[in-house]
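> Supplied structure: structure35.txt, compact mmCIF, C-alpha atoms.
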# COMPACT_ATOMS: atom_id res chain seq x y z
CA MET A 1 48.16 -82.85 83.61
CA THR A 2 49.09 -85.67 81.24
CA PRO A 3 49.63 -89.04 82.89
CA PRO A 4 52.99 -90.53 81.96
CA ASP A 5 53.41 -93.18 79.27
CA TYR A 6 54.21 -96.80 79.93
CA PHE A 7 57.54 -98.14 78.69
CA SER A 8 57.14 -100.01 75.46
CA ARG A 9 57.20 -103.76 75.80
CA ASP A 10 60.53 -105.50 75.15
CA ARG A 11 59.16 -108.12 72.79
CA ARG A 12 62.51 -109.92 72.57
CA TRP A 13 62.06 -110.80 76.23
CA HIS A 14 58.58 -112.25 75.64
CA PRO A 15 57.88 -115.31 73.47
CA PRO A 16 57.15 -114.47 69.83
CA ALA A 17 53.71 -115.38 68.51
CA PHE A 18 54.93 -118.06 66.09
CA THR A 19 56.76 -120.86 67.92
CA PRO A 20 56.45 -124.09 65.86
CA ASP A 21 57.75 -126.42 68.59
CA TYR A 22 54.63 -125.43 70.52
CA LYS A 23 52.30 -126.69 67.83
CA THR A 24 49.10 -124.87 68.76
CA SER A 25 50.82 -121.53 68.15
CA VAL A 26 51.25 -122.29 64.44
CA SER A 27 47.67 -121.58 63.37
CA ARG A 28 46.98 -119.07 66.15
CA SER A 29 49.83 -116.61 65.60
CA PRO A 30 49.33 -113.36 63.68
CA ARG A 31 51.79 -113.20 60.78
CA LEU A 32 51.64 -109.48 60.00
CA PRO A 33 53.51 -106.96 62.12
CA LEU A 34 51.71 -105.44 65.09
CA LEU A 35 50.71 -101.81 64.70
CA SER A 36 52.62 -99.71 67.22
CA LEU A 37 50.37 -97.33 69.16
CA GLU A 38 51.23 -94.38 71.29
CA ASN A 39 49.63 -94.58 74.71
CA THR A 40 46.19 -93.00 74.84
CA ALA A 41 43.53 -92.99 77.53
CA SER A 42 42.48 -96.40 76.24
CA GLU A 43 45.82 -97.92 77.24
CA ILE A 44 46.78 -96.00 80.38
CA THR A 45 43.48 -96.75 82.09
CA GLY A 46 42.27 -100.15 83.20
CA PRO A 47 39.83 -101.87 85.51
CA THR A 48 40.22 -101.36 89.24
CA PHE A 49 39.24 -103.80 91.95
CA ALA A 50 38.11 -103.34 95.52
CA PRO A 51 38.12 -105.73 98.49
CA THR A 52 34.36 -106.07 97.96
CA ASP A 53 35.01 -107.80 94.63
CA ILE A 54 36.54 -110.81 96.29
CA ALA A 55 36.05 -112.71 99.53
CA GLU A 56 38.48 -113.32 102.34
CA GLY A 57 39.83 -116.81 101.85
CA ASP A 58 39.69 -116.71 98.04
CA ASN A 59 43.50 -116.96 98.22
CA ASP A 60 43.47 -120.16 100.29
CA LEU A 61 43.30 -123.07 97.89
CA LEU A 62 43.72 -125.48 100.82
CA THR A 63 40.26 -124.53 102.06
CA ASN A 64 38.33 -122.61 99.36
CA PHE A 65 36.93 -125.77 97.78
CA ALA A 66 37.42 -128.30 100.60
CA ARG A 67 34.36 -130.08 101.98
CA ASP A 68 33.48 -130.74 105.59
CA GLY A 69 36.87 -129.86 106.99
CA GLY A 70 38.67 -131.98 104.38
CA SER A 71 41.99 -131.03 102.89
CA PRO A 72 43.54 -131.47 99.44
CA ILE A 73 46.11 -134.21 98.83
CA GLY A 74 49.63 -133.04 98.06
CA GLU A 75 52.60 -131.06 99.17
CA ARG A 76 51.29 -127.99 101.00
CA ILE A 77 52.94 -124.79 99.83
CA LEU A 78 52.89 -121.10 100.64
CA LEU A 79 53.30 -119.15 97.41
CA HIS A 80 54.17 -115.53 97.97
CA GLY A 81 55.92 -112.56 96.44
CA ARG A 82 55.48 -108.99 95.35
CA VAL A 83 54.11 -107.29 92.27
CA LEU A 84 56.52 -104.56 91.16
CA ASP A 85 56.87 -102.45 88.05
CA GLU A 86 60.00 -102.07 85.94
CA ASN A 87 61.06 -99.15 88.13
CA ALA A 88 60.97 -101.58 91.10
CA ARG A 89 58.03 -99.72 92.60
CA PRO A 90 55.37 -101.86 94.30
CA VAL A 91 52.02 -102.21 92.54
CA PRO A 92 49.50 -102.09 95.39
CA ASN A 93 45.84 -103.08 95.33
CA THR A 94 46.04 -105.05 92.11
CA LEU A 95 44.26 -108.30 91.42
CA VAL A 96 46.35 -111.48 91.18
CA GLU A 97 44.52 -114.62 90.06
CA ILE A 98 46.01 -118.11 89.86
CA TRP A 99 44.89 -121.49 88.55
CA GLN A 100 46.53 -124.88 88.52
CA ALA A 101 46.22 -128.66 88.33
CA ASN A 102 45.95 -130.67 91.53
CA ALA A 103 48.74 -132.84 92.96
CA SER A 104 48.02 -135.60 90.42
CA GLY A 105 48.27 -133.21 87.47
CA ARG A 106 44.51 -133.04 86.78
CA TYR A 107 42.55 -129.83 86.26
CA ARG A 108 39.02 -129.33 87.50
CA HIS A 109 37.69 -128.47 84.04
CA LYS A 110 35.05 -130.22 82.01
CA LYS A 111 37.48 -130.44 79.11
CA ASP A 112 40.32 -132.14 81.03
CA GLY A 113 40.18 -135.93 80.61
CA TYR A 114 43.62 -136.88 81.97
CA LEU A 115 43.94 -140.18 83.91
CA GLY A 116 45.06 -138.39 87.06
CA ALA A 117 42.38 -138.35 89.75
CA LEU A 118 40.28 -135.32 90.61
CA ASP A 119 40.65 -134.28 94.24
CA PRO A 120 37.26 -133.69 95.89
CA ASN A 121 38.81 -131.07 98.16
CA PHE A 122 40.67 -129.06 95.54
CA GLY A 123 39.21 -126.52 93.13
CA GLY A 124 42.45 -125.16 91.73
CA CYS A 125 41.92 -121.42 91.61
CA GLY A 126 42.55 -118.48 93.91
CA ARG A 127 42.70 -114.70 93.85
CA VAL A 128 43.90 -111.86 96.06
CA LEU A 129 44.60 -108.13 96.00
CA THR A 130 48.16 -107.01 96.66
CA ASP A 131 48.76 -104.99 99.82
CA ASP A 132 50.34 -101.51 100.07
CA ASN A 133 53.77 -103.01 99.42
CA GLY A 134 52.60 -104.99 96.40
CA ALA A 135 52.80 -108.24 98.39
CA TYR A 136 50.52 -111.22 97.82
CA ALA A 137 50.29 -114.76 99.22
CA PHE A 138 48.40 -117.97 98.46
CA ARG A 139 48.16 -121.27 100.29
CA THR A 140 47.89 -124.21 97.92
CA VAL A 141 49.35 -127.61 97.01
CA LYS A 142 52.18 -128.15 94.60
CA PRO A 143 50.65 -129.15 91.25
CA GLY A 144 51.69 -132.39 89.55
CA ALA A 145 53.34 -132.70 86.14
CA TYR A 146 51.10 -134.02 83.37
CA PRO A 147 51.39 -135.20 79.76
CA TRP A 148 49.97 -133.18 76.88
CA ARG A 149 49.40 -133.67 73.18
CA ASN A 150 52.18 -131.74 71.57
CA GLY A 151 54.99 -134.22 71.04
CA ILE A 152 53.91 -137.78 71.83
CA ASN A 153 55.91 -137.74 75.07
CA ASP A 154 55.74 -134.12 76.18
CA TRP A 155 55.12 -133.40 79.87
CA ARG A 156 54.40 -130.04 81.39
CA PRO A 157 56.59 -129.22 84.37
CA ALA A 158 54.69 -128.45 87.55
CA HIS A 159 53.33 -124.95 87.01
CA ILE A 160 50.80 -122.42 88.23
CA HIS A 161 49.10 -119.94 85.88
CA VAL A 162 49.19 -116.33 87.05
CA SER A 163 47.06 -113.41 85.83
CA VAL A 164 47.88 -109.83 86.91
CA PHE A 165 46.19 -106.54 86.06
CA GLY A 166 48.38 -103.65 87.18
CA SER A 167 46.75 -100.24 86.94
CA ALA A 168 46.48 -99.94 83.15
CA PHE A 169 45.18 -102.11 80.33
CA ALA A 170 48.70 -101.80 78.88
CA GLN A 171 50.07 -103.77 81.85
CA ARG A 172 47.75 -106.75 81.54
CA LEU A 173 49.73 -109.97 81.81
CA ILE A 174 49.19 -113.72 82.01
CA THR A 175 52.13 -116.01 82.69
CA GLN A 176 53.08 -119.29 84.36
CA LEU A 177 55.41 -119.95 87.25
CA TYR A 178 57.59 -123.05 87.56
CA PHE A 179 59.35 -124.57 90.55
CA GLU A 180 63.06 -124.41 91.26
CA GLY A 181 64.90 -127.64 90.49
CA ASP A 182 62.31 -129.23 88.18
CA PRO A 183 64.09 -131.19 85.38
CA LEU A 184 61.05 -130.87 83.10
CA ILE A 185 61.41 -127.08 82.77
CA ALA A 186 64.27 -127.38 80.28
CA ARG A 187 62.29 -129.91 78.21
CA CYS A 188 59.00 -128.03 77.97
CA PRO A 189 58.05 -126.62 74.53
CA ILE A 190 55.91 -123.92 76.15
CA VAL A 191 58.75 -122.75 78.40
CA SER A 192 61.02 -122.87 75.34
CA THR A 193 58.86 -120.36 73.48
CA ILE A 194 60.87 -117.81 75.49
CA PRO A 195 64.08 -117.16 73.57
CA ASP A 196 66.26 -115.73 76.36
CA PRO A 197 67.35 -118.19 79.10
CA ALA A 198 67.56 -115.28 81.54
CA ALA A 199 63.87 -114.57 80.93
CA VAL A 200 63.02 -118.20 81.71
CA GLN A 201 64.82 -117.85 85.05
CA GLN A 202 62.39 -115.04 85.89
CA LEU A 203 59.51 -117.57 85.78
CA ILE A 204 61.03 -119.95 88.33
CA ALA A 205 59.67 -119.64 91.85
CA ARG A 206 62.45 -120.03 94.40
CA LEU A 207 62.40 -122.22 97.46
CA ASP A 208 62.19 -119.85 100.44
CA MET A 209 63.19 -121.61 103.64
CA ASN A 210 62.78 -118.43 105.70
CA GLU A 211 59.05 -118.33 105.04
CA THR A 212 58.58 -122.10 105.23
CA ARG A 213 56.15 -122.91 108.06
CA PRO A 214 57.62 -125.73 110.16
CA LEU A 215 55.52 -128.92 110.13
CA ASP A 216 53.04 -127.23 107.77
CA MET A 217 54.05 -125.69 104.43
CA ILE A 218 57.08 -125.29 102.17
CA ALA A 219 57.35 -121.72 100.87
CA TYR A 220 58.15 -120.56 97.34
CA ARG A 221 58.78 -116.96 96.39
CA PHE A 222 57.68 -115.54 93.05
CA ASP A 223 57.98 -111.83 92.30
CA ILE A 224 56.07 -110.44 89.32
CA VAL A 225 57.22 -107.43 87.30
CA LEU A 226 54.77 -105.38 85.25
CA ARG A 227 55.56 -102.62 82.78
CA GLY A 228 56.84 -99.41 84.31
CA ARG A 229 56.19 -95.86 83.23
CA ARG A 230 58.18 -92.76 82.60
CA SER A 231 58.37 -89.94 85.08
CA THR A 232 56.07 -87.00 84.61
CA MET A 233 57.62 -83.59 84.32
CA PHE A 234 55.77 -81.08 86.47
CA GLU A 235 56.43 -77.37 86.59
CA ASN A 236 58.71 -77.57 89.57
CA ARG A 237 59.54 -81.19 90.26
CA MET A 238 59.85 -84.60 88.74
CA GLU A 239 57.15 -86.96 89.85
CA GLY A 240 58.63 -90.07 91.40
CA ASN A 241 62.21 -88.83 91.32
CA MET B 1 66.57 -95.81 89.73
CA THR B 2 66.43 -99.61 89.86
CA SER B 3 65.37 -101.14 86.59
CA LEU B 4 63.73 -104.56 86.29
CA LYS B 5 62.61 -106.62 83.32
CA GLU B 6 58.93 -107.29 82.80
CA THR B 7 57.91 -110.85 83.70
CA PRO B 8 57.75 -112.77 80.42
CA SER B 9 54.35 -113.93 79.23
CA GLN B 10 53.20 -117.52 78.80
CA THR B 11 50.09 -118.87 77.12
CA ALA B 12 46.92 -118.88 79.22
CA GLY B 13 46.47 -122.50 78.12
CA PRO B 14 43.22 -124.30 77.41
CA TYR B 15 41.92 -124.04 80.97
CA VAL B 16 42.03 -120.29 81.51
CA HIS B 17 38.39 -120.51 82.64
CA ILE B 18 39.39 -122.27 85.86
CA GLY B 19 41.19 -119.17 87.01
CA LEU B 20 39.26 -116.34 85.40
CA ALA B 21 35.75 -117.68 84.85
CA PRO B 22 35.39 -120.81 87.01
CA GLY B 23 31.63 -120.94 86.57
CA ALA B 24 32.23 -121.63 82.88
CA ALA B 25 34.78 -124.33 83.75
CA GLY B 26 31.97 -126.15 85.52
CA PHE B 27 32.32 -125.22 89.18
CA ASP B 28 31.06 -122.44 91.42
CA ILE B 29 33.69 -121.47 93.91
CA TYR B 30 33.54 -117.70 94.40
CA GLU B 31 30.71 -115.54 95.66
CA THR B 32 31.35 -113.13 92.79
CA GLU B 33 32.41 -114.11 89.30
CA LEU B 34 34.30 -111.09 87.94
CA GLY B 35 33.71 -109.40 84.62
CA GLN B 36 30.08 -110.41 84.15
CA ASP B 37 28.59 -106.91 83.86
CA ILE B 38 30.27 -104.28 81.70
CA ALA B 39 27.63 -101.56 81.98
CA GLY B 40 25.09 -101.83 84.79
CA PRO B 41 21.43 -100.81 84.44
CA GLU B 42 22.11 -97.15 85.33
CA ALA B 43 24.62 -96.65 82.53
CA LYS B 44 23.28 -94.23 79.93
CA GLY B 45 23.51 -94.65 76.21
CA GLN B 46 22.56 -97.01 73.43
CA ARG B 47 22.39 -100.64 74.49
CA ILE B 48 24.32 -102.92 72.18
CA ARG B 49 25.19 -106.59 71.85
CA ILE B 50 28.35 -107.72 70.08
CA GLU B 51 28.47 -111.21 68.62
CA GLY B 52 31.49 -112.88 67.08
CA ARG B 53 34.03 -115.63 66.84
CA VAL B 54 37.82 -115.80 66.95
CA LEU B 55 39.13 -117.81 63.98
CA ASP B 56 42.54 -119.41 63.51
CA GLY B 57 44.55 -119.56 60.29
CA THR B 58 42.54 -122.50 59.02
CA GLY B 59 39.23 -120.70 59.59
CA THR B 60 38.38 -122.85 62.60
CA PRO B 61 36.76 -120.99 65.50
CA LEU B 62 38.63 -121.06 68.81
CA LYS B 63 36.55 -122.78 71.46
CA ASP B 64 38.83 -121.98 74.37
CA VAL B 65 39.38 -118.24 73.99
CA LEU B 66 38.89 -115.60 76.67
CA ILE B 67 38.50 -111.95 75.72
CA GLU B 68 38.71 -109.03 78.10
CA VAL B 69 36.78 -105.93 77.15
CA TRP B 70 37.73 -102.41 78.22
CA GLN B 71 35.75 -99.37 77.15
CA ALA B 72 34.64 -95.84 78.00
CA ASN B 73 31.03 -94.95 78.81
CA ALA B 74 28.66 -93.18 76.41
CA LYS B 75 30.38 -89.86 77.19
CA GLY B 76 33.84 -91.20 76.43
CA ILE B 77 34.93 -91.50 80.07
CA TYR B 78 36.78 -94.52 81.45
CA ALA B 79 36.03 -95.80 84.95
CA HIS B 80 39.55 -94.99 86.10
CA ARG B 81 41.15 -92.11 88.00
CA GLU B 82 43.52 -91.27 85.14
CA THR B 83 40.87 -90.84 82.49
CA PRO B 84 41.33 -87.43 80.85
CA GLN B 85 38.71 -85.04 82.15
CA PRO B 86 36.40 -83.48 79.59
CA GLU B 87 35.98 -79.70 79.96
CA GLY B 88 33.60 -78.83 82.76
CA GLU B 89 32.44 -82.40 83.24
CA PRO B 90 32.71 -84.39 86.42
CA GLN B 91 35.00 -87.33 85.82
CA GLN B 92 33.01 -90.14 87.32
CA VAL B 93 30.98 -92.65 85.38
CA GLU B 94 27.47 -93.85 86.23
CA ALA B 95 27.02 -96.21 89.19
CA GLY B 96 27.47 -99.76 87.99
CA PHE B 97 29.38 -98.78 84.87
CA ARG B 98 32.62 -100.70 85.03
CA GLY B 99 33.65 -100.71 81.41
CA TRP B 100 35.41 -104.04 81.89
CA GLY B 101 34.22 -107.51 81.16
CA ARG B 102 35.26 -111.07 80.49
CA VAL B 103 33.87 -112.92 77.53
CA ILE B 104 34.39 -116.60 76.72
CA SER B 105 33.49 -118.57 73.64
CA ASP B 106 31.05 -121.45 73.61
CA PHE B 107 32.96 -124.73 74.13
CA ASP B 108 31.12 -126.37 71.21
CA THR B 109 30.70 -123.60 68.63
CA GLY B 110 33.25 -120.93 69.47
CA ASP B 111 30.54 -118.24 69.37
CA TRP B 112 30.75 -115.48 71.94
CA GLN B 113 28.70 -112.38 72.71
CA PHE B 114 28.50 -109.57 75.23
CA GLU B 115 26.13 -106.73 76.04
CA THR B 116 27.11 -103.21 76.97
CA VAL B 117 26.46 -99.59 76.01
CA LYS B 118 28.02 -98.02 72.95
CA PRO B 119 31.05 -95.98 74.05
CA GLY B 120 31.46 -92.32 73.17
CA PRO B 121 34.47 -90.76 71.44
CA VAL B 122 37.59 -90.50 73.63
CA ARG B 123 39.94 -87.52 73.66
CA ARG B 124 43.63 -88.09 73.07
CA ARG B 125 46.28 -86.05 74.84
CA ASP B 126 46.87 -84.10 71.61
CA SER B 127 43.16 -83.18 71.82
CA ARG B 128 42.25 -85.17 68.74
CA MET B 129 39.19 -87.32 69.23
CA MET B 130 39.25 -91.08 68.78
CA ALA B 131 36.16 -92.63 67.24
CA PRO B 132 34.02 -94.74 69.59
CA HIS B 133 35.83 -98.02 70.17
CA ILE B 134 36.10 -100.98 72.52
CA ASN B 135 39.52 -102.31 73.50
CA LEU B 136 39.93 -106.08 73.42
CA TRP B 137 42.61 -108.36 74.88
CA ILE B 138 42.62 -111.93 73.63
CA VAL B 139 44.20 -114.92 75.34
CA ALA B 140 43.96 -118.65 74.60
CA ARG B 141 46.01 -121.80 74.24
CA GLY B 142 48.60 -121.20 71.55
CA ILE B 143 48.67 -117.42 72.06
CA ASN B 144 52.01 -116.77 73.73
CA LEU B 145 51.37 -113.13 74.57
CA GLY B 146 47.87 -111.66 74.85
CA LEU B 147 46.75 -109.87 71.68
CA ASN B 148 45.43 -106.30 71.77
CA THR B 149 42.97 -104.99 69.24
CA ARG B 150 40.08 -102.51 68.97
CA LEU B 151 36.51 -102.78 67.82
CA TYR B 152 35.13 -99.74 65.98
CA PHE B 153 31.57 -99.23 64.73
CA GLU B 154 30.85 -99.44 61.02
CA GLU B 155 28.22 -96.70 61.00
CA GLU B 156 30.52 -94.08 62.58
CA ARG B 157 31.89 -93.26 59.14
CA LYS B 158 32.93 -89.68 59.77
CA ALA B 159 34.51 -90.36 63.16
CA ASN B 160 36.27 -93.44 61.80
CA ASP B 161 37.66 -91.48 58.83
CA ASN B 162 39.24 -89.05 61.31
CA ASP B 163 40.33 -91.62 63.87
CA PRO B 164 44.09 -91.29 64.48
CA VAL B 165 44.50 -95.03 65.08
CA LEU B 166 42.56 -96.27 62.06
CA LYS B 167 44.47 -93.74 59.96
CA LEU B 168 47.75 -95.31 61.07
CA ILE B 169 46.88 -98.49 59.18
CA GLU B 170 48.76 -97.95 55.94
CA GLN B 171 47.12 -100.87 54.18
CA THR B 172 43.71 -99.26 53.95
CA GLY B 173 42.27 -102.63 52.90
CA ARG B 174 42.88 -103.90 56.43
CA ARG B 175 40.97 -101.17 58.27
CA HIS B 176 37.72 -103.05 57.89
CA THR B 177 39.06 -105.81 60.16
CA LEU B 178 38.43 -103.45 63.09
CA LEU B 179 34.85 -102.59 62.14
CA ALA B 180 31.88 -104.21 63.84
CA ARG B 181 28.99 -104.56 61.40
CA THR B 182 25.44 -103.61 62.25
CA GLN B 183 23.13 -106.59 62.11
CA ASP B 184 19.80 -104.79 62.44
CA GLN B 185 19.61 -101.19 61.23
CA ALA B 186 16.05 -100.65 62.44
CA ASN B 187 16.90 -101.48 66.01
CA THR B 188 17.07 -98.58 68.47
CA GLY B 189 18.97 -100.38 71.19
CA THR B 190 16.87 -100.58 74.31
CA VAL B 191 17.72 -102.69 77.35
CA GLU B 192 15.30 -105.36 76.17
CA THR B 193 16.38 -105.38 72.53
CA PRO B 194 19.89 -104.08 72.12
CA SER B 195 21.29 -103.23 68.71
CA VAL B 196 23.30 -106.15 67.44
CA TYR B 197 26.77 -105.98 65.88
CA ARG B 198 28.94 -108.69 64.35
CA PHE B 199 32.69 -108.76 64.96
CA ASP B 200 34.85 -111.72 63.93
CA ILE B 201 38.54 -111.76 64.78
CA HIS B 202 40.98 -113.52 62.42
CA LEU B 203 44.28 -114.50 64.00
CA GLN B 204 45.85 -115.13 60.56
CA GLY B 205 45.05 -115.33 56.89
CA PRO B 206 43.95 -112.86 54.22
CA ASP B 207 41.62 -111.11 56.68
CA GLU B 208 44.06 -111.07 59.59
CA THR B 209 42.78 -108.61 62.18
CA VAL B 210 45.01 -105.64 62.93
CA PHE B 211 46.62 -106.23 66.33
CA PHE B 212 48.45 -103.56 68.30
CA ASP B 213 51.67 -103.21 70.18
CA ILE B 214 50.22 -100.91 72.82
Render the structure in this file as structure tokens.

Amino acid sequence: MTPPDYFSRDRRWHPPAFTPDYKTSVSRSPRLPLLSLENTASEITGPTFAPTDIAEGDNDLLTNFARDGGSPIGERILLHGRVLDENARPVPNTLVEIWQANASGRYRHKKDGYLGALDPNFGGCGRVLTDDNGAYAFRTVKPGAYPWRNGINDWRPAHIHVSVFGSAFAQRLITQLYFEGDPLIARCPIVSTIPDPAAVQQLIARLDMNETRPLDMIAYRFDIVLRGRRSTMFENRMEGN
Amino acid sequence: MTSLKETPSQTAGPYVHIGLAPGAAGFDIYETELGQDIAGPEAKGQRIRIEGRVLDGTGTPLKDVLIEVWQANAKGIYAHRETPQPEGEPQQVEAGFRGWGRVISDFDTGDWQFETVKPGPVRRRDSRMMAPHINLWIVARGINLGLNTRLYFEEERKANDNDPVLKLIEQTGRRHTLLARTQDQANTGTVETPSVYRFDIHLQGPDETVFFDI
């Protein structure tokens, strides 16, 4: 049996490599065309993860770095959603990793020297495996906006970085989610690397009052879509149809 | 059937380590840091170390890059249920062989390295064999969508000459950008002293590495 191919990537939906308004891309963007490859075993396989790879509580950024019962400063949020493929099928048991600045816009990284204060109770990373329905959830705080050296007065909108595996190396994806209603989204040179405004909308986590926990956490919903794959023709039936 | 659009990519930014390799970012938070061991001690085959740098268009090494490695074992089998099954061979790989790893560059020099076993040739669905290769996925600040490339081995001349992917590169003068160069011919590649290869990746310029739309 031959496993089915993945759909080719719609590169007009993704940001191109060379985006001069985001200055760092200028010297880091390949200038020659990419070589198009048919899927082989090298692309349709990928690393798999088991519950033993991670610990329970790795997805709780309110507690996974907190000391002595302390709690991070900031707006407490529940970030949740589903990982689906382009056929709208759930992607179960896949690793989702996130990282972010704290509520003052400062990252816990030895290279971040921003004025915003470090929070002793906030590490800023989390990870989880999706369940059978492709669902995932994190508890965290809403990150702060921060300035960066691109234009002299450029500020990143509040954002969380998201890394997802899927079940094939061809599906590997890193992106960033933004928060509904943030006026900095439209002004961000990194957001603006994406040419299609409809694609930008796909990166905005939506306020979800139904999942908001009263007197505890505001909820945001962010669904992630990975590349889908064609159906496989078997002798007597179509797989997945 | 419902059809959705893939979530658009965004740069991993300069602080990708916080999320994917927090130990390197300067804090221990998880019991297990993922991607630290590509081929465990029970994996068979020649032990190798790859050393390299990722260079930008000005020739400056990237000091904030993260590379993910994905490879087959010495018999050409991936640690994945959909790996094509060689004739009469059980599909599973050795215990502790994961074939996947995360590699980051030194924050001061941009040098990176990883140790593994040399992969075997991998069969394509048209039955042609691909020369031994390691798949690489490169993310960093300024890279808007992760870059895919492959590392092949310089000394596999015959297999490389017949490799269906290398042969796709029309500009034959660019094929060398995918070849890792042996640093020590005399070395046999034991666990203690692995054979050493050099592989530099050029994001732009006259030696721009061949990147793939996979």
> Which polymer residues have any atom within 12 Å of an atom of Leu168 (chain B), counting all atoms listed in the file, with same-chain residues fewer than 4 positions away left out, as a PyMOL selection string?
(chain A and resi 34-38) or (chain B and resi 160-164+172+174-175+210+212)
> Near chain B, meaning an atom within 6 Å, which residues of chain A appear when counting all atoms listed in the file? Write them as a ChimeraX atom specification.
/A:14,17,24-25,27-28,30,34-37,40,45,86-88,98-99,109,125,174-176,224-227
> Excluding Ala137 (chain A) and any residue of its chain fewer than 4 positions from it, enumerate the residues within 10 Å of it, using all atoms listed in the file, and give them as a list in words.
Asn59, Asp60, Leu78, Leu79, His80, Gly81, Arg82, Val96, Arg127, Val128, Leu129, Thr130, Asp131, Tyr220, Arg221 and Phe222 of chain A
> Compile the contact shell of Thr193 (chain B) as number ranges by chain: residues with an atom at most 12 Å away, counting all atoms listed in the file, same-chain residues fewer than 5 positions apart removed.
B: 46-49, 115-116, 184, 186-188
> Compare B:Pro132, B:Gly96, B:Pro61, B:Pro41 by their minimum atom-to-atom distance to Leu179 (chain B), counting all atoms listed in the file, and give me the closest one.
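That would be B:Pro132, the residue with the smallest distance to Leu179 (chain B).
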> For the atom pair CA of Ile201 (chain B) and CA of Gly52 (chain B), what is the interatomic distance in Å to one decimal place?
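One can read the CA of Ile201 (chain B) to CA of Gly52 (chain B) distance as 7.5 Å.
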> Can you work out the spacing between CA of Arg198 (chain B) and CA of Gly46 (chain A) in Å, to one decimal?
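Going from CA of Arg198 (chain B) over to CA of Gly46 (chain A) covers 24.6 Å.
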> Can you tell me how far CA of Asp119 (chain A) sits from CA of Pro72 (chain A), in Å to one decimal?
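Interatomic distance, CA of Asp119 (chain A) to CA of Pro72 (chain A): 6.6 Å.
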> So, counting all atoms listed in the file, which residue among B:Gly45, B:Leu166, B:Leu151, B:Ile50 is closest to Lys118 (chain B)?
B:Gly45
> List the spatial neighbours of Arg76 (chain A) as a PyMOL selection string - criterion: any atom at most 8 Å away, all atoms listed in the file, same-chain residues fewer than 3 positions off excluded.
chain A and resi 62+139-142+216-218
